[in-house]
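Take a look at the structure below.
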Amino acid sequence: MSVARSDRVAVRSGEDLLHLRQMVRQWAVDIGFGLLDQTRIVTAASELGRNMVDFAGGGVVRLEELADLGRRGLRLTFEDHGPGIPDVELALRDGYSTGSGLGLGLGGARRLMNEFSIASKVGSGTTVAITRWR
Amino acid sequence: MMREPAAERIPILKMGDVLLVTIQVEMHDQLALTLQNDLIEAIIREHARGVLIDISALEVVDSFIGRVIRDTAAMSKLLGALTVVVGIRPAVAITLVDLGLSLGDVPTAMTVEKGMELLRFARAAAPQPAGGEGEHERGSQ
C-alpha cells in the first residue's frame, strides 16, 4: 500500500469543521468515490472532527490518498492532545456520550467506513484513523 | 419576508400560519443553533401551526445537525406547531441510517408541496382549536 498524496488541516472550531468537510468532500470526489460514499466519508469526518473540537480543544486531521493493488482509498487520521478516552469500548457504544451530542460519533463513524482504528491514552490524547476504499 | 436575512442567519418565511425554512448553506454548528432559536421565537410570535424545514440543499446531515432538527421539531410540537422535514437527499437518508440516527417521529416529505399537503392533512385529522392539546404537555424537556 502506498500513499499517493497527503495533506494536513487543523480543526479547532465549528468553522474549521465546515472547512474540513469541504476539503474531505473534494478529496473524495478527486479519488472517484460516488455520491453515497462521499456522503458517508464526509459525515464520518464531521463526527470525528466534532469530537476533537468538543472534547480535546481541537486537533489535526491528516488526509491521505491510498493506492493498493489497483484500488484507491481515502484515509483520515484525527489526532488530538486532549484528555484521552479512559474506556474506548464504552465510548464506541451507541448512545454513550459525555457531551451534547447523541453519542453516535465514534460508533457511527466506524459503521460509515471500511476500516477504523483508535488509540487513546488518558492525559496525552487520542488518534482515530478511518479508511474507505473504492 | 418577516425577517431581514442578516449575515449568518437563515431566513424564515411565513406562508399563512406555516413557517418555511429553506436551508441553502452547509450549516456550522452555531448557525444551526441560531436557527433553532429564531424558529421557536417565530412560532410563538406568528402563532404558527406548521413548520416546513427544507433541507434539500444539505449534502451532509451529521449527528449534531440531526439532533438539532429532531429537537426543533419536538419543541415546535410542544408549542402547537407540527414540523415536517422536507427534501432529505437519498445519500443523506442512507447515511443517517448507517450512522444510527433516527429523526424520531418527525414526519418527512419529498418536496415542499408534499410537506404542505401533509400539514393540511394532519390538521384535518385533528381539528382541535389552538391551545387544546398543548396544555397538559407543558412540562419542559
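Naming scheme: A, B, ... for chains in displayed order of the C-alpha cells; residues 1 onward per chain; ligands 1 onward as shown.
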
Counting only C-alpha atoms, which residues in region 36-82 of chain B sit no more than 12 Å from region 110-113 of chain B? For each one, give the nearest pair of atoms and the distance in Å, sorted by chain then residue number, as a tab-separated table.
```
residue	atom	partner	partner_atom	distance
B:Val51	CA	B:Val112	CA	10.6
B:Leu52	CA	B:Val112	CA	7.2
B:Ile53	CA	B:Val112	CA	8.5
B:Asp54	CA	B:Val112	CA	7.0
B:Ile55	CA	B:Thr111	CA	9.9
B:Ser56	CA	B:Thr111	CA	8.5
B:Ala57	CA	B:Thr111	CA	12.0
```

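The shell of residues at most 10 Å from Gly34 (chain A), with only C-alpha atoms counted and near chain neighbours (fewer than 5 positions) removed, consists of A:Ala28, A:Val29, A:Thr39, A:Arg134, B:Ala91.
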
Expected answer as a compact mmCIF listing (two decimals) with all heavy atoms, in the first residue's frame: chain A residues within 12 Å of chain B, only C-alpha atoms:
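Saved to part-v3.txt:
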```txt
# COMPACT_ATOMS: atom_id res chain seq x y z
N SER A 13 -12.46 24.76 15.58
CA SER A 13 -13.74 25.44 15.78
C SER A 13 -14.79 24.86 14.84
O SER A 13 -14.48 24.08 13.95
CB SER A 13 -13.58 26.93 15.47
OG SER A 13 -13.32 27.08 14.08
N GLY A 14 -16.02 25.29 15.05
CA GLY A 14 -17.10 24.87 14.18
C GLY A 14 -16.85 25.27 12.73
O GLY A 14 -17.21 24.55 11.81
N GLU A 15 -16.21 26.42 12.54
CA GLU A 15 -15.95 26.84 11.16
C GLU A 15 -14.84 26.02 10.51
O GLU A 15 -14.89 25.71 9.32
CB GLU A 15 -15.66 28.34 11.12
CG GLU A 15 -16.97 29.09 11.24
CD GLU A 15 -16.82 30.59 11.29
OE1 GLU A 15 -15.94 31.11 10.59
OE2 GLU A 15 -17.60 31.22 12.03
N ASP A 16 -13.87 25.63 11.34
CA ASP A 16 -12.84 24.72 10.82
C ASP A 16 -13.47 23.40 10.38
O ASP A 16 -13.05 22.78 9.40
CB ASP A 16 -11.79 24.40 11.89
CG ASP A 16 -10.89 25.60 12.20
OD1 ASP A 16 -10.92 26.57 11.43
OD2 ASP A 16 -10.19 25.55 13.22
N LEU A 17 -14.48 22.99 11.13
CA LEU A 17 -15.18 21.74 10.85
C LEU A 17 -15.84 21.80 9.46
O LEU A 17 -15.81 20.85 8.69
CB LEU A 17 -16.23 21.53 11.94
CG LEU A 17 -16.73 20.13 12.25
CD1 LEU A 17 -15.57 19.19 12.55
CD2 LEU A 17 -17.67 20.19 13.45
N LEU A 18 -16.43 22.97 9.19
CA LEU A 18 -17.05 23.19 7.89
C LEU A 18 -16.01 23.09 6.78
O LEU A 18 -16.22 22.47 5.74
CB LEU A 18 -17.68 24.59 7.90
CG LEU A 18 -18.83 24.89 6.95
CD1 LEU A 18 -19.98 23.95 7.20
CD2 LEU A 18 -19.29 26.33 7.13
N HIS A 19 -14.87 23.70 7.03
CA HIS A 19 -13.77 23.67 6.06
C HIS A 19 -13.26 22.23 5.88
O HIS A 19 -13.00 21.79 4.76
CB HIS A 19 -12.64 24.59 6.55
CG HIS A 19 -11.44 24.58 5.67
ND1 HIS A 19 -10.19 24.26 6.14
CD2 HIS A 19 -11.30 24.79 4.35
CE1 HIS A 19 -9.33 24.29 5.13
NE2 HIS A 19 -9.98 24.62 4.03
N LEU A 20 -13.17 21.49 6.99
CA LEU A 20 -12.74 20.08 6.92
C LEU A 20 -13.71 19.29 6.02
O LEU A 20 -13.29 18.51 5.17
CB LEU A 20 -12.69 19.46 8.32
CG LEU A 20 -12.44 17.95 8.35
CD1 LEU A 20 -11.00 17.62 7.95
CD2 LEU A 20 -12.75 17.36 9.73
N ARG A 21 -15.00 19.51 6.24
CA ARG A 21 -15.99 18.77 5.44
C ARG A 21 -15.83 19.06 3.96
O ARG A 21 -15.89 18.15 3.12
CB ARG A 21 -17.42 19.14 5.88
CG ARG A 21 -17.78 18.64 7.27
CD ARG A 21 -19.27 18.45 7.42
NE ARG A 21 -20.03 19.68 7.46
CZ ARG A 21 -20.60 20.17 8.58
NH1 ARG A 21 -20.47 19.54 9.73
NH2 ARG A 21 -21.28 21.28 8.54
N GLN A 22 -15.62 20.35 3.63
CA GLN A 22 -15.45 20.72 2.21
C GLN A 22 -14.20 20.08 1.62
O GLN A 22 -14.22 19.57 0.50
CB GLN A 22 -15.37 22.25 2.08
CG GLN A 22 -16.72 22.92 2.28
CD GLN A 22 -16.62 24.39 2.64
OE1 GLN A 22 -15.53 24.92 2.85
NE2 GLN A 22 -17.77 25.06 2.73
N VAL A 24 -12.60 17.35 2.71
CA VAL A 24 -12.74 15.89 2.61
C VAL A 24 -13.62 15.54 1.41
O VAL A 24 -13.32 14.60 0.66
CB VAL A 24 -13.33 15.32 3.92
CG1 VAL A 24 -13.78 13.88 3.74
CG2 VAL A 24 -12.32 15.42 5.05
N ARG A 25 -14.67 16.32 1.20
CA ARG A 25 -15.52 16.03 0.05
C ARG A 25 -14.73 16.17 -1.26
O ARG A 25 -14.81 15.32 -2.14
CB ARG A 25 -16.76 16.94 -0.01
CG ARG A 25 -17.58 16.67 -1.27
CD ARG A 25 -18.95 17.29 -1.30
NE ARG A 25 -19.78 16.93 -0.19
CZ ARG A 25 -20.66 15.92 -0.19
NH1 ARG A 25 -20.76 15.14 -1.25
NH2 ARG A 25 -21.41 15.69 0.85
N GLY A 34 -18.29 7.62 -5.37
CA GLY A 34 -19.64 8.01 -5.76
C GLY A 34 -20.27 8.88 -4.69
O GLY A 34 -19.72 9.05 -3.60
N LEU A 35 -21.45 9.39 -5.01
CA LEU A 35 -22.11 10.35 -4.12
C LEU A 35 -22.39 9.76 -2.74
O LEU A 35 -22.20 10.43 -1.72
CB LEU A 35 -23.42 10.81 -4.78
CG LEU A 35 -24.18 11.91 -4.05
CD1 LEU A 35 -23.31 13.16 -3.89
CD2 LEU A 35 -25.46 12.25 -4.79
N LEU A 36 -22.82 8.51 -2.70
CA LEU A 36 -23.15 7.91 -1.40
C LEU A 36 -21.90 7.77 -0.53
O LEU A 36 -21.92 8.13 0.65
CB LEU A 36 -23.83 6.55 -1.62
CG LEU A 36 -24.23 5.79 -0.36
CD1 LEU A 36 -25.09 6.65 0.57
CD2 LEU A 36 -24.99 4.52 -0.74
N ASP A 37 -20.83 7.28 -1.13
CA ASP A 37 -19.59 7.14 -0.36
C ASP A 37 -19.04 8.51 0.05
O ASP A 37 -18.54 8.67 1.16
CB ASP A 37 -18.53 6.36 -1.14
CG ASP A 37 -18.73 4.85 -0.99
OD1 ASP A 37 -19.50 4.44 -0.10
OD2 ASP A 37 -18.11 4.10 -1.76
N GLN A 38 -19.15 9.48 -0.83
CA GLN A 38 -18.72 10.85 -0.46
C GLN A 38 -19.46 11.30 0.79
O GLN A 38 -18.87 11.83 1.73
CB GLN A 38 -19.06 11.86 -1.56
CG GLN A 38 -18.25 11.76 -2.83
CD GLN A 38 -18.87 12.65 -3.92
OE1 GLN A 38 -19.47 13.68 -3.64
NE2 GLN A 38 -18.74 12.23 -5.16
N THR A 39 -20.77 11.04 0.80
CA THR A 39 -21.60 11.49 1.92
C THR A 39 -21.20 10.76 3.20
O THR A 39 -21.11 11.35 4.27
CB THR A 39 -23.09 11.25 1.60
OG1 THR A 39 -23.36 11.89 0.35
CG2 THR A 39 -23.99 11.84 2.66
N ARG A 40 -20.96 9.43 3.07
CA ARG A 40 -20.54 8.65 4.24
C ARG A 40 -19.23 9.18 4.81
O ARG A 40 -19.08 9.36 6.02
CB ARG A 40 -20.33 7.19 3.85
CG ARG A 40 -21.60 6.42 3.59
CD ARG A 40 -21.27 4.93 3.40
NE ARG A 40 -22.47 4.14 3.34
CZ ARG A 40 -22.83 3.41 2.27
NH1 ARG A 40 -22.06 3.40 1.19
NH2 ARG A 40 -23.94 2.71 2.31
N ILE A 41 -18.26 9.42 3.92
CA ILE A 41 -16.93 9.83 4.37
C ILE A 41 -17.00 11.21 5.03
O ILE A 41 -16.43 11.44 6.09
CB ILE A 41 -15.93 9.82 3.19
CG1 ILE A 41 -15.77 8.40 2.63
CG2 ILE A 41 -14.59 10.39 3.62
CD1 ILE A 41 -15.09 8.34 1.26
N VAL A 42 -17.72 12.14 4.38
CA VAL A 42 -17.80 13.49 4.93
C VAL A 42 -18.52 13.47 6.28
O VAL A 42 -18.13 14.17 7.23
CB VAL A 42 -18.51 14.45 3.94
CG1 VAL A 42 -18.70 15.82 4.57
CG2 VAL A 42 -17.73 14.58 2.65
N THR A 43 -19.55 12.63 6.38
CA THR A 43 -20.29 12.55 7.65
C THR A 43 -19.40 11.99 8.75
O THR A 43 -19.37 12.51 9.87
CB THR A 43 -21.56 11.70 7.47
OG1 THR A 43 -22.33 12.23 6.40
CG2 THR A 43 -22.41 11.70 8.73
N ALA A 44 -18.66 10.93 8.43
CA ALA A 44 -17.75 10.34 9.43
C ALA A 44 -16.71 11.37 9.86
O ALA A 44 -16.39 11.51 11.05
CB ALA A 44 -17.07 9.10 8.86
N ALA A 45 -16.18 12.12 8.89
CA ALA A 45 -15.18 13.15 9.20
C ALA A 45 -15.77 14.22 10.11
O ALA A 45 -15.12 14.71 11.04
CB ALA A 45 -14.65 13.79 7.91
N SER A 46 -17.03 14.55 9.87
CA SER A 46 -17.69 15.57 10.67
C SER A 46 -17.86 15.09 12.12
O SER A 46 -17.63 15.85 13.07
CB SER A 46 -19.04 15.90 10.04
OG SER A 46 -19.61 17.03 10.65
N GLU A 47 -18.24 13.83 12.28
CA GLU A 47 -18.41 13.27 13.63
C GLU A 47 -17.09 13.30 14.40
O GLU A 47 -17.04 13.74 15.55
CB GLU A 47 -18.91 11.82 13.55
CG GLU A 47 -20.28 11.63 12.89
CD GLU A 47 -21.40 12.31 13.66
OE1 GLU A 47 -21.33 12.37 14.89
OE2 GLU A 47 -22.35 12.79 13.01
N LEU A 48 -16.04 12.82 13.76
CA LEU A 48 -14.76 12.72 14.47
C LEU A 48 -14.14 14.10 14.68
O LEU A 48 -13.52 14.36 15.71
CB LEU A 48 -13.80 11.80 13.69
CG LEU A 48 -14.28 10.35 13.58
CD1 LEU A 48 -13.30 9.53 12.75
CD2 LEU A 48 -14.47 9.71 14.95
N GLY A 49 -14.33 14.98 13.70
CA GLY A 49 -13.82 16.34 13.85
C GLY A 49 -14.51 17.05 14.99
O GLY A 49 -13.88 17.76 15.78
N ARG A 50 -15.81 16.82 15.13
CA ARG A 50 -16.55 17.46 16.22
C ARG A 50 -16.09 16.91 17.56
O ARG A 50 -15.95 17.66 18.53
CB ARG A 50 -18.05 17.29 16.05
CG ARG A 50 -18.81 17.92 17.22
CD ARG A 50 -20.28 17.98 17.02
NE ARG A 50 -20.64 18.86 15.93
CZ ARG A 50 -21.01 18.46 14.74
NH1 ARG A 50 -21.08 17.19 14.47
NH2 ARG A 50 -21.31 19.33 13.82
N ASN A 51 -15.84 15.62 17.63
CA ASN A 51 -15.30 15.05 18.87
C ASN A 51 -14.02 15.78 19.29
O ASN A 51 -13.85 16.12 20.46
CB ASN A 51 -14.95 13.56 18.67
CG ASN A 51 -16.17 12.67 18.80
OD1 ASN A 51 -17.26 13.14 19.13
ND2 ASN A 51 -15.99 11.39 18.52
N VAL A 53 -13.04 18.81 18.50
CA VAL A 53 -13.32 20.19 18.91
C VAL A 53 -13.96 20.21 20.30
O VAL A 53 -13.58 21.00 21.17
CB VAL A 53 -14.22 20.90 17.87
CG1 VAL A 53 -14.68 22.26 18.39
CG2 VAL A 53 -13.50 21.04 16.54
N ASP A 54 -14.93 19.33 20.51
CA ASP A 54 -15.71 19.37 21.75
C ASP A 54 -14.92 18.84 22.96
O ASP A 54 -15.08 19.32 24.07
CB ASP A 54 -16.99 18.52 21.61
CG ASP A 54 -18.03 19.23 20.74
OD1 ASP A 54 -17.79 20.39 20.38
OD2 ASP A 54 -19.06 18.61 20.44
N ARG A 93 -19.70 2.59 22.06
CA ARG A 93 -21.08 2.12 22.15
C ARG A 93 -22.05 3.24 21.77
O ARG A 93 -21.87 4.39 22.20
CB ARG A 93 -21.35 1.68 23.59
CG ARG A 93 -22.35 0.56 23.71
CD ARG A 93 -22.46 0.09 25.14
NE ARG A 93 -21.30 -0.67 25.60
CZ ARG A 93 -21.08 -0.97 26.89
NH1 ARG A 93 -21.90 -0.53 27.82
NH2 ARG A 93 -20.03 -1.68 27.22
N ASP A 94 -23.07 2.90 21.01
CA ASP A 94 -24.06 3.90 20.62
C ASP A 94 -24.77 4.43 21.86
O ASP A 94 -25.14 3.67 22.74
CB ASP A 94 -25.11 3.29 19.69
CG ASP A 94 -24.63 3.29 18.25
OD1 ASP A 94 -23.56 3.84 17.99
OD2 ASP A 94 -25.33 2.73 17.40
N GLY A 95 -24.97 5.74 21.84
CA GLY A 95 -25.74 6.33 22.93
C GLY A 95 -24.88 6.76 24.10
O GLY A 95 -25.32 7.46 24.98
N GLY A 99 -20.88 14.43 26.10
CA GLY A 99 -21.04 15.79 25.58
C GLY A 99 -22.49 16.08 25.23
O GLY A 99 -23.42 15.48 25.76
N SER A 100 -22.67 17.00 24.29
CA SER A 100 -24.01 17.46 23.96
C SER A 100 -24.62 16.66 22.82
O SER A 100 -25.76 16.85 22.46
CB SER A 100 -23.95 18.93 23.57
OG SER A 100 -23.08 19.07 22.46
N GLY A 101 -23.86 15.73 22.26
CA GLY A 101 -24.37 15.02 21.09
C GLY A 101 -25.19 13.81 21.47
O GLY A 101 -25.63 13.65 22.60
N LEU A 102 -25.37 12.93 20.51
CA LEU A 102 -26.19 11.75 20.74
C LEU A 102 -25.33 10.55 21.10
O LEU A 102 -25.83 9.45 21.28
CB LEU A 102 -26.97 11.41 19.47
CG LEU A 102 -28.09 12.36 19.10
CD1 LEU A 102 -28.57 12.06 17.70
CD2 LEU A 102 -29.23 12.21 20.07
N GLY A 103 -24.03 10.74 21.15
CA GLY A 103 -23.16 9.61 21.43
C GLY A 103 -23.03 8.67 20.26
O GLY A 103 -22.76 7.49 20.42
N LEU A 104 -23.24 9.19 19.05
CA LEU A 104 -23.13 8.35 17.86
C LEU A 104 -21.81 8.56 17.14
O LEU A 104 -21.53 7.89 16.16
CB LEU A 104 -24.27 8.64 16.89
CG LEU A 104 -25.66 8.28 17.36
CD1 LEU A 104 -26.72 8.86 16.43
CD2 LEU A 104 -25.83 6.78 17.47
N GLY A 105 -21.02 9.50 17.61
CA GLY A 105 -19.83 9.91 16.88
C GLY A 105 -18.88 8.79 16.52
O GLY A 105 -18.67 8.50 15.34
N LEU A 106 -18.32 8.13 17.51
CA LEU A 106 -17.30 7.12 17.24
C LEU A 106 -17.89 5.89 16.57
O LEU A 106 -17.41 5.43 15.53
CB LEU A 106 -16.61 6.71 18.54
CG LEU A 106 -15.52 7.63 19.09
CD1 LEU A 106 -14.99 7.07 20.41
CD2 LEU A 106 -14.37 7.77 18.10
N GLY A 107 -18.94 5.34 17.18
CA GLY A 107 -19.56 4.13 16.62
C GLY A 107 -20.12 4.39 15.23
O GLY A 107 -20.00 3.57 14.32
N GLY A 108 -20.73 5.56 15.07
CA GLY A 108 -21.31 5.92 13.77
C GLY A 108 -20.22 6.03 12.71
O GLY A 108 -20.36 5.51 11.60
N ALA A 109 -19.12 6.68 13.06
CA ALA A 109 -18.02 6.84 12.10
C ALA A 109 -17.47 5.47 11.71
O ALA A 109 -17.13 5.23 10.56
CB ALA A 109 -16.92 7.72 12.71
N ARG A 110 -17.40 4.56 12.68
CA ARG A 110 -16.90 3.22 12.39
C ARG A 110 -17.80 2.51 11.38
O ARG A 110 -17.32 1.86 10.46
CB ARG A 110 -16.80 2.39 13.68
CG ARG A 110 -16.26 1.00 13.42
CD ARG A 110 -15.76 0.33 14.66
NE ARG A 110 -16.84 0.05 15.60
CZ ARG A 110 -16.67 -0.70 16.70
NH1 ARG A 110 -15.50 -1.20 16.99
NH2 ARG A 110 -17.68 -0.91 17.50
N ARG A 111 -19.12 2.65 11.55
CA ARG A 111 -20.04 1.99 10.63
C ARG A 111 -20.00 2.57 9.22
O ARG A 111 -20.32 1.90 8.25
CB ARG A 111 -21.48 2.06 11.16
CG ARG A 111 -21.78 1.02 12.23
CD ARG A 111 -23.28 0.95 12.49
NE ARG A 111 -23.79 2.21 12.99
CZ ARG A 111 -23.74 2.57 14.27
NH1 ARG A 111 -23.19 1.77 15.17
NH2 ARG A 111 -24.23 3.72 14.67
N LEU A 112 -19.64 3.85 9.13
CA LEU A 112 -19.66 4.51 7.82
C LEU A 112 -18.43 4.21 6.97
O LEU A 112 -18.40 4.51 5.79
CB LEU A 112 -19.79 6.03 8.00
CG LEU A 112 -21.14 6.52 8.54
CD1 LEU A 112 -21.06 7.99 8.92
CD2 LEU A 112 -22.24 6.31 7.51
N MET A 113 -17.39 3.63 7.61
CA MET A 113 -16.13 3.43 6.91
C MET A 113 -15.79 1.95 6.81
O MET A 113 -16.42 1.11 7.44
CB MET A 113 -15.02 4.20 7.65
CG MET A 113 -15.29 5.69 7.81
SD MET A 113 -15.39 6.64 6.26
CE MET A 113 -13.64 6.89 5.90
```

Q. Which residues in chain A does DSSP call strand (DSSP E or B)? List them as a PyMOL selection string.
A. chain A and resi 2-11+59-68+71-80+115-121+125-133

Q: List every residue of region 12-116 of chain A that DSSP, applied to the backbone of this structure, assigns to alpha helix (DSSP H), and report them as an MDAnalysis selection string.
A: chainID A and resid 14:31 35:56 88:92 105:112

May I have the residues from that selection written out with C-alpha atoms, as a compact mmCIF listing (two decimals), in the first residue's frame?
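The resulting file, selection.txt, is reproduced below:
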```txt
# COMPACT_ATOMS: atom_id res chain seq x y z
CA GLY A 14 -17.10 24.87 14.18
CA GLU A 15 -15.95 26.84 11.16
CA ASP A 16 -12.84 24.72 10.82
CA LEU A 17 -15.18 21.74 10.85
CA LEU A 18 -17.05 23.19 7.89
CA HIS A 19 -13.77 23.67 6.06
CA LEU A 20 -12.74 20.08 6.92
CA ARG A 21 -15.99 18.77 5.44
CA GLN A 22 -15.45 20.72 2.21
CA MET A 23 -11.87 19.54 1.94
CA VAL A 24 -12.74 15.89 2.61
CA ARG A 25 -15.52 16.03 0.05
CA GLN A 26 -13.16 17.44 -2.58
CA TRP A 27 -10.65 14.65 -1.90
CA ALA A 28 -13.38 12.02 -2.09
CA VAL A 29 -14.54 13.46 -5.41
CA ASP A 30 -10.97 13.54 -6.74
CA ILE A 31 -10.39 9.91 -5.76
CA LEU A 35 -22.11 10.35 -4.12
CA LEU A 36 -23.15 7.91 -1.40
CA ASP A 37 -19.59 7.14 -0.36
CA GLN A 38 -18.72 10.85 -0.46
CA THR A 39 -21.60 11.49 1.92
CA ARG A 40 -20.54 8.65 4.24
CA ILE A 41 -16.93 9.83 4.37
CA VAL A 42 -17.80 13.49 4.93
CA THR A 43 -20.29 12.55 7.65
CA ALA A 44 -17.75 10.34 9.43
CA ALA A 45 -15.18 13.15 9.20
CA SER A 46 -17.69 15.57 10.67
CA GLU A 47 -18.41 13.27 13.63
CA LEU A 48 -14.76 12.72 14.47
CA GLY A 49 -13.82 16.34 13.85
CA ARG A 50 -16.55 17.46 16.22
CA ASN A 51 -15.30 15.05 18.87
CA MET A 52 -11.88 16.68 18.61
CA VAL A 53 -13.32 20.19 18.91
CA ASP A 54 -15.71 19.37 21.75
CA PHE A 55 -13.54 17.12 23.90
CA ALA A 56 -9.95 17.93 23.08
CA VAL A 88 -12.60 3.12 24.43
CA GLU A 89 -15.02 0.17 24.25
CA LEU A 90 -17.59 2.15 26.18
CA ALA A 91 -17.05 5.24 24.03
CA LEU A 92 -17.70 3.19 20.89
CA GLY A 105 -19.83 9.91 16.88
CA LEU A 106 -17.30 7.12 17.24
CA GLY A 107 -19.56 4.13 16.62
CA GLY A 108 -21.31 5.92 13.77
CA ALA A 109 -18.02 6.84 12.10
CA ARG A 110 -16.90 3.22 12.39
CA ARG A 111 -20.04 1.99 10.63
CA LEU A 112 -19.66 4.51 7.82
```

Q) What separation in Å, quoted to one decimal, exists between CA of Ile85 (chain A) and CA of Arg12 (chain A)? A)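 Result for CA of Ile85 (chain A) versus CA of Arg12 (chain A): 18.6 Å, one decimal.
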